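Shown here: final.txt, compact mmCIF, C-alpha atoms.
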# COMPACT_ATOMS: atom_id res chain seq x y z
CA PHE A 1 -35.54 11.94 4.39
CA PHE A 2 -39.08 10.59 3.91
CA CYS A 3 -41.16 10.02 7.03
CA LYS A 4 -40.31 6.96 9.09
CA TYR A 5 -42.84 5.04 11.13
CA ASN A 6 -41.16 5.98 14.41
CA ASP A 7 -40.73 9.69 13.66
CA PRO A 8 -42.57 11.95 16.13
CA THR A 9 -45.70 13.52 14.66
CA TYR A 10 -44.27 17.05 14.68
CA VAL A 11 -41.25 15.84 12.70
CA LYS A 12 -43.50 14.16 10.14
CA MET A 13 -45.50 17.37 9.76
CA GLU A 14 -42.36 19.39 9.08
CA LYS A 15 -41.06 16.81 6.62
CA VAL A 16 -44.28 16.98 4.62
CA ASP A 17 -43.96 20.77 4.36
CA VAL A 18 -40.36 20.43 3.22
CA MET A 19 -41.32 17.82 0.63
CA VAL A 20 -43.86 20.19 -0.91
CA MET A 21 -41.34 23.03 -0.93
CA LEU A 22 -38.81 20.84 -2.74
CA ALA A 23 -41.33 19.39 -5.20
CA SER A 24 -40.65 20.15 -8.86
CA GLU A 25 -41.69 18.80 -12.24
CA LYS A 26 -38.83 16.32 -12.06
CA ASN A 27 -39.64 14.77 -8.69
CA VAL A 28 -43.33 15.50 -8.14
CA GLU A 29 -44.37 11.96 -9.07
CA GLN A 30 -42.16 10.52 -6.35
CA VAL A 31 -43.47 13.08 -3.85
CA LEU A 32 -47.08 12.23 -4.73
CA LEU A 33 -46.47 8.52 -4.31
CA GLU A 34 -45.04 9.15 -0.87
CA LEU A 35 -47.90 11.44 0.17
CA ARG A 36 -50.42 8.94 -1.17
CA GLU A 37 -48.84 6.25 0.96
CA TYR A 38 -49.13 8.42 4.05
CA ALA A 39 -52.81 9.13 3.35
CA PHE A 40 -53.59 5.43 2.84
CA ALA A 41 -51.46 3.79 5.51
CA GLU A 42 -51.15 6.21 8.43
CA VAL A 43 -53.46 6.03 11.42
CA ASP A 44 -52.75 9.52 12.77
CA VAL A 45 -55.77 11.54 11.59
CA GLU A 46 -54.04 14.93 11.68
CA PHE A 47 -51.06 13.61 9.75
CA VAL A 48 -53.33 12.07 7.12
CA ARG A 49 -55.10 15.41 6.74
CA LYS A 50 -51.71 17.08 6.36
CA ALA A 51 -50.76 14.63 3.61
CA VAL A 52 -54.02 15.25 1.72
CA LYS A 53 -53.52 19.01 1.94
CA ALA A 54 -49.95 18.56 0.70
CA ILE A 55 -51.24 16.77 -2.41
CA GLY A 56 -53.44 19.79 -3.09
CA ARG A 57 -50.53 22.16 -2.58
CA CYS A 58 -48.51 20.21 -5.14
CA ALA A 59 -51.35 20.70 -7.62
CA LEU A 60 -51.43 24.44 -6.95
CA LYS A 61 -47.67 24.70 -7.22
CA ILE A 62 -47.06 22.60 -10.36
CA GLU A 63 -49.71 22.89 -13.08
CA ARG A 64 -48.48 19.86 -15.01
CA ALA A 65 -48.95 17.71 -11.93
CA ALA A 66 -52.50 18.92 -11.22
CA GLU A 67 -54.22 16.14 -13.16
CA ARG A 68 -52.17 13.48 -11.41
CA CYS A 69 -52.96 15.10 -8.05
CA VAL A 70 -56.70 15.03 -8.81
CA THR A 71 -56.42 11.33 -9.69
CA VAL A 72 -54.74 10.59 -6.36
CA LEU A 73 -57.41 12.56 -4.50
CA LEU A 74 -60.17 10.58 -6.26
CA GLU A 75 -58.47 7.37 -5.16
CA LEU A 76 -58.51 8.66 -1.60
CA ILE A 77 -62.20 9.53 -1.86
CA GLN A 78 -62.93 5.96 -2.92
CA THR A 79 -61.65 4.75 0.45
CA LYS A 80 -64.87 6.18 1.98
CA VAL A 81 -62.96 7.14 5.13
CA ALA A 82 -64.91 10.16 6.37
CA TYR A 83 -62.07 12.53 7.28
CA VAL A 84 -60.10 11.61 4.15
CA VAL A 85 -63.13 12.23 1.91
CA GLN A 86 -63.88 15.56 3.56
CA GLU A 87 -60.31 16.84 3.38
CA SER A 88 -60.06 15.73 -0.26
CA ILE A 89 -63.20 17.67 -1.22
CA VAL A 90 -61.85 20.83 0.42
CA VAL A 91 -58.59 20.44 -1.49
CA ILE A 92 -60.35 19.78 -4.81
CA LYS A 93 -62.37 22.97 -4.39
CA ASP A 94 -59.10 24.94 -4.30
CA ILE A 95 -57.90 23.11 -7.41
CA PHE A 96 -61.14 24.09 -9.19
CA ARG A 97 -60.49 27.71 -8.27
CA LYS A 98 -56.90 27.53 -9.48
CA TYR A 99 -57.72 25.71 -12.74
CA PRO A 100 -61.35 26.56 -13.68
CA ASN A 101 -63.18 24.46 -16.29
CA GLN A 102 -60.55 21.72 -16.37
CA TYR A 103 -61.51 18.98 -13.91
CA GLU A 104 -65.31 19.22 -13.73
CA SER A 105 -65.62 15.57 -14.74
CA VAL A 106 -64.97 14.59 -11.12
CA ILE A 107 -67.98 16.52 -9.74
CA GLY A 108 -70.21 13.47 -9.96
CA VAL A 109 -67.88 11.49 -7.70
CA LEU A 110 -67.83 14.33 -5.18
CA CYS A 111 -71.63 14.58 -5.07
CA GLU A 112 -71.91 10.85 -4.40
CA ASN A 113 -70.24 11.44 -1.04
CA LEU A 114 -72.66 14.10 0.09
CA GLU A 115 -74.05 12.01 2.93
CA SER A 116 -70.64 11.45 4.51
CA LEU A 117 -69.90 15.14 5.02
CA GLU A 118 -70.04 16.30 8.63
CA GLU A 119 -67.48 19.09 8.93
CA PRO A 120 -68.55 22.64 8.04
CA GLU A 121 -65.52 23.29 5.81
CA ALA A 122 -66.23 20.18 3.72
CA LYS A 123 -69.94 20.98 3.43
CA GLY A 124 -69.14 24.54 2.41
CA ALA A 125 -66.65 23.34 -0.19
CA LEU A 126 -69.12 20.97 -1.85
CA ILE A 127 -71.91 23.57 -1.78
CA TRP A 128 -69.55 26.04 -3.46
CA ILE A 129 -68.78 23.48 -6.18
CA ILE A 130 -72.49 22.78 -6.76
CA GLY A 131 -73.30 26.48 -7.04
CA GLN A 132 -70.30 27.28 -9.22
CA TYR A 133 -71.11 24.49 -11.71
CA ALA A 134 -74.89 24.34 -11.26
CA GLU A 135 -75.52 24.44 -15.00
CA ARG A 136 -73.51 21.23 -15.44
CA ILE A 137 -75.13 19.30 -12.57
CA ASP A 138 -78.54 17.92 -13.49
CA ASN A 139 -79.72 17.48 -9.90
CA ALA A 140 -78.10 20.61 -8.45
CA GLN A 141 -81.45 21.86 -7.13
CA GLU A 142 -82.14 18.58 -5.39
CA LEU A 143 -78.70 18.56 -3.77
CA LEU A 144 -79.07 22.11 -2.43
CA GLU A 145 -82.60 21.42 -1.17
CA GLY A 146 -81.15 18.59 0.89
CA PHE A 147 -78.99 21.12 2.75
CA MET A 148 -81.87 23.56 3.13
CA GLU A 149 -83.87 21.01 5.13
CA GLU A 150 -81.36 21.47 7.97
CA PHE A 151 -80.62 25.15 7.32
CA GLY A 152 -81.12 26.23 10.94
CA ASP A 153 -78.68 23.61 12.23
CA LEU A 154 -75.87 24.46 9.82
CA ASP A 155 -72.84 26.53 10.76
CA VAL A 156 -72.94 30.13 9.60
CA GLU A 157 -70.15 29.60 7.06
CA VAL A 158 -72.17 26.78 5.49
CA GLN A 159 -75.34 28.89 5.51
CA LEU A 160 -73.50 31.69 3.70
CA GLN A 161 -72.24 29.27 1.05
CA LEU A 162 -75.72 27.77 0.67
CA LEU A 163 -77.30 31.20 0.24
CA THR A 164 -74.84 32.18 -2.48
CA ALA A 165 -75.09 28.79 -4.21
CA CYS A 166 -78.89 29.01 -4.39
CA VAL A 167 -78.70 32.51 -5.89
CA LYS A 168 -76.17 31.25 -8.46
CA LEU A 169 -78.49 28.35 -9.27
CA PHE A 170 -81.40 30.78 -9.82
CA LEU A 171 -79.34 33.02 -12.08
CA LYS A 172 -78.26 30.03 -14.18
CA LYS A 173 -81.63 28.23 -14.20
CA PRO A 174 -84.23 30.94 -13.51
CA ASP A 175 -87.26 29.11 -14.87
CA SER A 176 -87.25 26.17 -12.46
CA THR A 177 -85.61 27.48 -9.29
CA GLN A 178 -87.69 30.47 -8.20
CA ALA A 179 -89.18 28.60 -5.24
CA VAL A 180 -85.72 27.58 -4.02
CA VAL A 181 -84.28 31.09 -4.08
CA LYS A 182 -87.34 32.55 -2.34
CA GLN A 183 -87.09 29.96 0.39
CA VAL A 184 -83.41 30.48 1.06
CA LEU A 185 -83.74 34.29 1.03
CA SER A 186 -86.59 34.03 3.51
CA LEU A 187 -84.57 31.73 5.77
CA ALA A 188 -81.57 34.06 5.64
CA THR A 189 -83.43 37.32 6.27
CA THR A 190 -86.20 36.34 8.68
CA GLY A 191 -85.10 33.02 10.12
CA SER A 192 -81.55 33.93 11.17
CA THR A 193 -80.13 36.20 13.86
CA ASN A 194 -76.65 36.32 12.34
CA PRO A 195 -76.06 39.83 10.93
CA ASP A 196 -73.67 38.71 8.17
CA LEU A 197 -76.12 36.14 6.83
CA ARG A 198 -79.08 38.48 7.15
CA ASP A 199 -77.29 41.37 5.42
CA ARG A 200 -76.14 39.20 2.54
CA GLY A 201 -79.68 37.90 2.12
CA TYR A 202 -81.07 41.45 1.92
CA ILE A 203 -78.38 42.48 -0.58
CA TYR A 204 -79.16 39.52 -2.84
CA TRP A 205 -82.89 40.14 -2.54
CA ARG A 206 -82.51 43.80 -3.49
CA LEU A 207 -80.22 42.97 -6.42
CA LEU A 208 -82.51 40.28 -7.81
CA SER A 209 -85.63 42.41 -7.51
CA SER A 210 -84.20 45.66 -8.85
CA ASP A 211 -81.50 44.75 -11.37
CA PRO A 212 -81.12 41.04 -12.27
CA GLU A 213 -78.38 41.81 -14.79
CA ARG A 214 -76.29 43.58 -12.16
CA ALA A 215 -76.93 40.66 -9.81
CA ARG A 216 -75.58 38.34 -12.49
CA GLN A 217 -72.42 40.43 -12.82
CA VAL A 218 -71.86 40.49 -9.06
CA VAL A 219 -72.78 36.95 -8.06
CA LEU A 220 -71.44 35.13 -11.11
CA ALA A 221 -68.17 37.07 -11.30
CA GLU A 222 -65.09 34.88 -11.68
CA PRO A 223 -63.63 34.11 -8.24
CA PRO A 224 -59.96 35.00 -7.67
CA GLN A 225 -57.55 32.16 -8.28
CA VAL A 226 -56.04 30.39 -5.31
CA GLN A 227 -52.28 30.91 -5.21
CA TYR A 228 -49.70 28.48 -3.92
CA ASP A 229 -48.35 29.61 -0.56
CA SER A 230 -44.64 29.09 -0.99
CA GLN A 231 -43.77 29.99 2.63
CA ARG A 232 -40.56 31.50 1.38
CA VAL A 233 -38.24 33.22 3.83
CA ASP A 234 -36.05 36.19 3.02
CA ASN A 235 -32.46 35.05 2.41
CA VAL A 236 -31.02 37.35 5.09
CA LEU A 237 -33.56 36.12 7.65
CA LEU A 238 -32.98 32.51 6.61
CA GLU A 239 -29.23 32.85 7.17
CA LEU A 240 -29.87 34.28 10.62
CA LEU A 241 -32.37 31.55 11.56
CA LEU A 242 -29.92 28.84 10.48
CA ARG A 243 -27.36 30.22 12.93
CA GLN A 244 -29.98 30.07 15.70
CA VAL A 245 -31.46 26.72 14.75
CA SER A 246 -31.02 25.28 18.26
CA THR A 247 -32.98 28.12 19.88
CA LEU A 248 -36.62 29.19 20.04
CA ALA A 249 -35.98 31.23 16.91
CA SER A 250 -36.44 28.05 14.84
CA VAL A 251 -39.87 27.58 16.43
CA TYR A 252 -41.10 31.16 16.08
CA HIS A 253 -39.37 31.72 12.70
CA LYS A 254 -38.16 35.03 14.09
CA PRO A 255 -34.67 36.18 15.17
CA ALA A 256 -34.11 35.79 18.90
CA ASP A 257 -33.55 39.51 19.42
CA THR A 258 -37.13 40.24 18.32
CA PHE A 259 -38.63 38.45 21.32
CA LEU A 260 -35.76 38.28 23.86
CA VAL A 261 -33.62 41.00 25.41
CA ASP A 262 -30.31 40.19 27.08
CA SER A 263 -30.28 41.17 30.75
CA GLY A 264 -27.00 40.00 32.18
CA ARG A 265 -27.27 36.44 33.44
CA GLN A 266 -30.58 35.70 31.79
CA ALA A 267 -32.87 36.84 29.02
CA VAL A 268 -36.15 38.43 29.96
CA SER A 269 -39.08 39.04 27.65
CA ARG A 270 -39.19 42.25 25.66
CA ALA A 271 -42.55 43.00 27.21
CA ALA A 272 -41.04 42.94 30.69
CA ALA A 273 -38.13 45.13 29.63
CA SER A 274 -40.52 47.59 28.00
CA SER A 275 -42.61 47.85 31.16
CA ILE A 276 -39.46 48.65 33.19
CA SER A 277 -38.45 51.37 30.74
CA LEU A 278 -41.97 52.80 30.79
CA ALA A 279 -42.02 52.84 34.59
CA ARG A 280 -38.74 54.77 34.69
CA HIS A 281 -40.01 57.13 32.01
CA LEU A 282 -43.08 57.88 34.14
CA GLY A 283 -40.85 58.70 37.09
CA ALA A 284 -41.37 55.60 39.21
CA ASP A 285 -39.33 55.38 42.37
CA ASP A 286 -36.40 52.96 42.15
CA ASP A 287 -37.90 51.09 45.10
CA ASP A 288 -40.86 50.23 42.87
CA LEU A 289 -38.47 48.55 40.43
CA ASP A 290 -37.04 46.04 42.90
CA PHE A 291 -37.28 42.39 41.95
CA TRP A 292 -36.58 38.94 43.28
CA GLU A 293 -35.15 36.01 41.35
CA CYS A 294 -36.97 32.69 41.34
CA ASN A 295 -34.78 29.92 42.81
CA ALA A 296 -36.39 27.35 40.51
CA CYS A 297 -36.29 28.98 37.06
CA THR A 298 -34.27 32.20 37.68
CA LEU A 299 -37.05 34.40 36.26
CA GLU A 300 -37.08 37.96 37.60
CA ASN A 301 -40.37 38.83 39.32
CA GLY A 302 -41.67 42.13 40.65
CA ALA A 303 -41.29 42.91 44.33
CA GLU A 304 -45.02 42.60 44.94
CA ALA A 305 -45.24 39.07 43.45
CA THR A 306 -45.62 36.25 45.99
CA ALA A 307 -45.05 33.48 43.43
CA CYS A 308 -43.10 33.14 40.20
CA SER A 309 -45.16 34.14 37.16
CA ALA A 310 -43.49 31.40 35.07
CA CYS A 311 -43.25 28.29 37.23
CA GLU A 312 -45.54 29.39 40.09
CA ALA A 313 -42.90 28.53 42.69
CA PRO A 314 -43.43 30.50 45.95
CA ARG A 315 -41.09 33.35 46.67
CA ALA A 316 -39.92 31.82 49.96
CA ASP A 317 -36.85 33.72 51.20
CA ALA A 318 -35.66 35.08 47.86
CA PRO A 319 -34.09 38.50 48.59
CA LEU A 320 -35.07 41.65 46.74
CA LYS A 321 -32.56 43.03 44.27
CA LYS A 322 -32.11 46.41 42.64
CA ARG A 323 -32.42 46.72 38.89
CA PRO A 324 -29.39 48.38 37.28
CA PRO A 325 -29.91 52.01 36.24
CA PRO A 326 -30.64 52.56 32.55
CA SER A 327 -27.58 52.91 30.38
CA PRO A 328 -26.94 56.42 29.02
CA ALA A 329 -28.24 57.07 25.53
Starting from the coordinates I provided, produce the structure as structure tokens.
Amino acid sequence: FFCKYNDPTYVKMEKVDVMVMLASEKNVEQVLLELREYAFAEVDVEFVRKAVKAIGRCALKIERAAERCVTVLLELIQTKVAYVVQESIVVIKDIFRKYPNQYESVIGVLCENLESLEEPEAKGALIWIIGQYAERIDNAQELLEGFMEEFGDLDVEVQLQLLTACVKLFLKKPDSTQAVVKQVLSLATTGSTNPDLRDRGYIYWRLLSSDPERARQVVLAEPPQVQYDSQRVDNVLLELLLRQVSTLASVYHKPADTFLVDSGRQAVSRAAASSISLARHLGADDDDLDFWECNACTLENGAEATACSACEAPRADAPLKKRPPPSPA
């Protein structure tokens, strides 16, 4: 069942999801070895990212495997491959949120890779880690100041994380970080045009100036734990999808009758059927409900259409047809 070298990418992606779903305390070591191999040996960037995320999901799903997952992620970080390092840091942040105060010993390794971070999500993840554990990082102020030098060029999500991290740093080390928090608050409130960033800056400024203890309670509150997304499907729905596995239902993860309506020889979209019903309800003349059938794809098009809305084939000589009257209620 494991991924083969000649499997299409979309098949590999699905297999990885299934592997995580089937992972348990008994087989998680085998699953991790396989995912580790994908992350090390594959050349498809998106598939490698998927494998790294899957390692993190195993950690969130099985607590006893979390330490082993962190070890594998550290091995991946040591490869110094930019996209692998960045994805690993994002995943480790979620593990920190799920299991607080358990794996902080790896923070030093994460901070060593600061210069290789280019993606906003990875930068935001590392900034969150620095702010959350600022009291345990000797050079936390120096690390955050490095980001502040390019504050205006950062994505908004990174700016928001940096603002919150600097406030956390001030609340944990108030004697030596006053200049840092003043600078970041000034950048957020007067140097930015983004309303979310500006409003958060004003809120922090007001809290810190009026009630530092309340600011501590708000900013340093324990973040909610990240939960494993099991992607479970209701048993009744699962049984129905299995019967329709060769149809689009297996792609949409919805029963076919929720997006298709039978209309004699072919199925037309529910939206089209709804528009016909609405037109009749509003008293439209039956002549307005005429249609012609595309010779190429058999889609039913309105009388006024000069080309098929699906395949764009011209109408040519396709005759107009009458829609059947609505069935009695």
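Closest approach to Val72 (chain A) from the set A:Leu248, A:Val184, A:Val236, A:Ala51 is made by A:Ala51, with distances taken over all atoms listed in the file.
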* Structure fact -> note - CA of Arg198 (chain A) and CA of Ser186 (chain A) are separated by 9.5 Å
* Please provide the set of residues having any atom within 10 Å of Asp196 (chain A), restricted to only C-alpha atoms, with same-chain residues fewer than 5 positions apart removed, written as a list in words. =>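 Once the adjacent positions are removed, what remains is Val156, Glu157, Leu160, Ala188 and Gly201 of chain A.
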* Asked: For the atom pair CA of Leu76 (chain A) and CA of Pro224 (chain A), what is the interatomic distance in Å to one decimal place?
  ->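 The value is 27.1 Å.
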* Who sits within 12 Å of Glu14 (chain A), all atoms listed in the file, same chain under 5 positions skipped, as a PyMOL selection string -> chain A and resi 1-3+7-9+19-21+47+50-51+54+250-251
Could those selected residues go to a file with C-alpha atoms, as a PDB file, in the frame of the given file?
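Printed below is part24.pdb as written:
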ATOM      1  CA  PHE A   1     -35.540  11.940   4.390  1.00  0.00           C
ATOM      2  CA  PHE A   2     -39.080  10.590   3.910  1.00  0.00           C
ATOM      3  CA  CYS A   3     -41.160  10.020   7.030  1.00  0.00           C
ATOM      4  CA  ASP A   7     -40.730   9.690  13.660  1.00  0.00           C
ATOM      5  CA  PRO A   8     -42.570  11.950  16.130  1.00  0.00           C
ATOM      6  CA  THR A   9     -45.700  13.520  14.660  1.00  0.00           C
ATOM      7  CA  MET A  19     -41.320  17.820   0.630  1.00  0.00           C
ATOM      8  CA  VAL A  20     -43.860  20.190  -0.910  1.00  0.00           C
ATOM      9  CA  MET A  21     -41.340  23.030  -0.930  1.00  0.00           C
ATOM     10  CA  PHE A  47     -51.060  13.610   9.750  1.00  0.00           C
ATOM     11  CA  LYS A  50     -51.710  17.080   6.360  1.00  0.00           C
ATOM     12  CA  ALA A  51     -50.760  14.630   3.610  1.00  0.00           C
ATOM     13  CA  ALA A  54     -49.950  18.560   0.700  1.00  0.00           C
ATOM     14  CA  SER A 250     -36.440  28.050  14.840  1.00  0.00           C
ATOM     15  CA  VAL A 251     -39.870  27.580  16.430  1.00  0.00           C
TER      16      VAL A 251
END
* So which residues touch Asn113 (chain A) within 12 Å, counting all atoms listed in the file, skipping near sequence neighbours fewer than 6 positions away, as a VMD selection string? -> chain A and resid 74 77 to 86 88 to 89 106 to 107 122 to 123 126 143
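Residue nearest Glu87 (chain A) within the list A:Pro223, A:Pro314, A:Pro120, A:Pro319: A:Pro120 [criterion: smallest interatomic distance, all atoms listed in the file].
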* Pick out the closest residue to Ala134 (chain A) from this set: A:Lys172, A:Lys322, A:Lys98, A:Arg57. Count all atoms listed in the file. => A:Lys172
* Would you mind reading off the distance between CA of Glu293 (chain A) and CA of Leu320 (chain A), one decimal, in Å? =>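 Here the two named atoms are 7.8 Å from each other.
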Kindly compute an axis-aligned box around the listed atoms of region 165-174 of chain A, allowing 3 Å on each side, and express its centre and edge lengths in Å to one decimal as lines of an AutoDock Vina configuration file.
center_x = -79.7
center_y = 30.6
center_z = -9.2
size_x = 15.1
size_y = 10.8
size_z = 16.0
* Asked: Quick one: of A:Cys58, A:Val91, A:Lys26, A:Gly146, who's nearest to Leu114 (chain A), counting all atoms listed in the file?
  ->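 Of A:Cys58, A:Val91, A:Lys26, A:Gly146, the one nearest Leu114 (chain A), counting all atoms listed in the file, is A:Gly146.
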* To do: Would you kindly return, as a list in words, each protein, DNA or RNA residue with an atom no farther than 12 Å from any atom of Ile137 (chain A), considering all atoms listed in the file and excluding same-chain residues fewer than 6 positions away?
  => Glu104, Ser105, Val106, Ile107, Gly108, Val109, Leu110, Cys111, Ile129, Ile130, Gly131, Leu143, Leu144, Leu169, Lys172 and Lys173 of chain A
* Spatial neighbours of Lys61 (chain A), max dist 12 Å, only C-alpha atoms, sep filter under 6 positions, as a PyMOL selection string -> chain A and resi 20-25+28+54-55+69+94-95+98-99+226-231
Those same residues - C-alpha atoms - I'd like them written as a CSV table (one decimal), in the frame of the given file.
chain,number,residue,atom,x,y,z
A,20,VAL,CA,-43.9,20.2,-0.9
A,21,MET,CA,-41.3,23.0,-0.9
A,22,LEU,CA,-38.8,20.8,-2.7
A,23,ALA,CA,-41.3,19.4,-5.2
A,24,SER,CA,-40.6,20.2,-8.9
A,25,GLU,CA,-41.7,18.8,-12.2
A,28,VAL,CA,-43.3,15.5,-8.1
A,54,ALA,CA,-50.0,18.6,0.7
A,55,ILE,CA,-51.2,16.8,-2.4
A,69,CYS,CA,-53.0,15.1,-8.0
A,94,ASP,CA,-59.1,24.9,-4.3
A,95,ILE,CA,-57.9,23.1,-7.4
A,98,LYS,CA,-56.9,27.5,-9.5
A,99,TYR,CA,-57.7,25.7,-12.7
A,226,VAL,CA,-56.0,30.4,-5.3
A,227,GLN,CA,-52.3,30.9,-5.2
A,228,TYR,CA,-49.7,28.5,-3.9
A,229,ASP,CA,-48.4,29.6,-0.6
A,230,SER,CA,-44.6,29.1,-1.0
A,231,GLN,CA,-43.8,30.0,2.6
* **Selected residue of minimal separation from Glu304 (chain A) among A:Glu239, A:Asp155, A:Glu112, A:Asp290, counting all atoms listed in the file** => A:Asp290
* Give the answer as one residue: which of A:Glu150, A:Arg97, A:Tyr10, A:Ala179 has the shortest atom-to-atom distance to Glu46 (chain A), using all atoms listed in the file? =>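 Closest to Glu46 (chain A), using all atoms listed in the file: A:Tyr10.
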Could you rebuild region 215-222 of chain A with all heavy atoms and give me the result as a PDB file, in the frame of the given file?
ATOM      1  N   ALA A 215     -77.094  41.795 -10.719  1.00  0.00           N
ATOM      2  CA  ALA A 215     -76.930  40.660  -9.810  1.00  0.00           C
ATOM      3  C   ALA A 215     -76.101  39.562 -10.469  1.00  0.00           C
ATOM      4  O   ALA A 215     -75.245  38.937  -9.831  1.00  0.00           O
ATOM      5  CB  ALA A 215     -78.296  40.113  -9.410  1.00  0.00           C
ATOM      6  N   ARG A 216     -76.346  39.354 -11.762  1.00  0.00           N
ATOM      7  CA  ARG A 216     -75.580  38.340 -12.490  1.00  0.00           C
ATOM      8  C   ARG A 216     -74.096  38.710 -12.525  1.00  0.00           C
ATOM      9  O   ARG A 216     -73.224  37.869 -12.338  1.00  0.00           O
ATOM     10  CB  ARG A 216     -76.140  38.205 -13.904  1.00  0.00           C
ATOM     11  CG  ARG A 216     -75.485  37.127 -14.753  1.00  0.00           C
ATOM     12  CD  ARG A 216     -76.119  37.083 -16.132  1.00  0.00           C
ATOM     13  NE  ARG A 216     -77.537  36.757 -16.007  1.00  0.00           N
ATOM     14  CZ  ARG A 216     -77.998  35.504 -15.940  1.00  0.00           C
ATOM     15  NH1 ARG A 216     -77.146  34.476 -15.964  1.00  0.00           N
ATOM     16  NH2 ARG A 216     -79.283  35.277 -15.820  1.00  0.00           N
ATOM     17  N   GLN A 217     -73.808  39.992 -12.751  1.00  0.00           N
ATOM     18  CA  GLN A 217     -72.420  40.430 -12.820  1.00  0.00           C
ATOM     19  C   GLN A 217     -71.718  40.287 -11.471  1.00  0.00           C
ATOM     20  O   GLN A 217     -70.539  39.948 -11.402  1.00  0.00           O
ATOM     21  CB  GLN A 217     -72.365  41.899 -13.273  1.00  0.00           C
ATOM     22  CG  GLN A 217     -72.856  42.122 -14.693  1.00  0.00           C
ATOM     23  CD  GLN A 217     -72.921  43.598 -15.053  1.00  0.00           C
ATOM     24  OE1 GLN A 217     -72.526  44.458 -14.260  1.00  0.00           O
ATOM     25  NE2 GLN A 217     -73.422  43.904 -16.233  1.00  0.00           N
ATOM     26  N   VAL A 218     -72.464  40.541 -10.394  1.00  0.00           N
ATOM     27  CA  VAL A 218     -71.860  40.490  -9.060  1.00  0.00           C
ATOM     28  C   VAL A 218     -71.701  39.050  -8.582  1.00  0.00           C
ATOM     29  O   VAL A 218     -70.619  38.626  -8.153  1.00  0.00           O
ATOM     30  CB  VAL A 218     -72.719  41.290  -8.054  1.00  0.00           C
ATOM     31  CG1 VAL A 218     -72.206  41.073  -6.631  1.00  0.00           C
ATOM     32  CG2 VAL A 218     -72.706  42.768  -8.401  1.00  0.00           C
ATOM     33  N   VAL A 219     -72.780  38.284  -8.654  1.00  0.00           N
ATOM     34  CA  VAL A 219     -72.780  36.950  -8.060  1.00  0.00           C
ATOM     35  C   VAL A 219     -72.004  35.946  -8.904  1.00  0.00           C
ATOM     36  O   VAL A 219     -71.347  35.047  -8.368  1.00  0.00           O
ATOM     37  CB  VAL A 219     -74.230  36.461  -7.840  1.00  0.00           C
ATOM     38  CG1 VAL A 219     -74.240  35.068  -7.229  1.00  0.00           C
ATOM     39  CG2 VAL A 219     -74.984  37.431  -6.943  1.00  0.00           C
ATOM     40  N   LEU A 220     -72.089  36.096 -10.217  1.00  0.00           N
ATOM     41  CA  LEU A 220     -71.440  35.130 -11.110  1.00  0.00           C
ATOM     42  C   LEU A 220     -70.064  35.603 -11.576  1.00  0.00           C
ATOM     43  O   LEU A 220     -69.513  35.043 -12.531  1.00  0.00           O
ATOM     44  CB  LEU A 220     -72.327  34.849 -12.322  1.00  0.00           C
ATOM     45  CG  LEU A 220     -73.703  34.251 -12.018  1.00  0.00           C
ATOM     46  CD1 LEU A 220     -74.460  33.951 -13.310  1.00  0.00           C
ATOM     47  CD2 LEU A 220     -73.581  32.991 -11.169  1.00  0.00           C
ATOM     48  N   ALA A 221     -69.520  36.610 -10.936  1.00  0.00           N
ATOM     49  CA  ALA A 221     -68.170  37.070 -11.300  1.00  0.00           C
ATOM     50  C   ALA A 221     -67.165  35.948 -11.034  1.00  0.00           C
ATOM     51  O   ALA A 221     -67.333  35.134 -10.118  1.00  0.00           O
ATOM     52  CB  ALA A 221     -67.812  38.301 -10.486  1.00  0.00           C
ATOM     53  N   GLU A 222     -66.117  35.902 -11.844  1.00  0.00           N
ATOM     54  CA  GLU A 222     -65.090  34.880 -11.680  1.00  0.00           C
ATOM     55  C   GLU A 222     -64.387  35.046 -10.332  1.00  0.00           C
ATOM     56  O   GLU A 222     -63.907  36.131 -10.007  1.00  0.00           O
ATOM     57  CB  GLU A 222     -64.057  34.967 -12.804  1.00  0.00           C
ATOM     58  CG  GLU A 222     -64.522  34.372 -14.118  1.00  0.00           C
ATOM     59  CD  GLU A 222     -64.801  32.882 -14.013  1.00  0.00           C
ATOM     60  OE1 GLU A 222     -64.019  32.175 -13.331  1.00  0.00           O
ATOM     61  OE2 GLU A 222     -65.799  32.430 -14.578  1.00  0.00           O
TER      62      GLU A 222
END
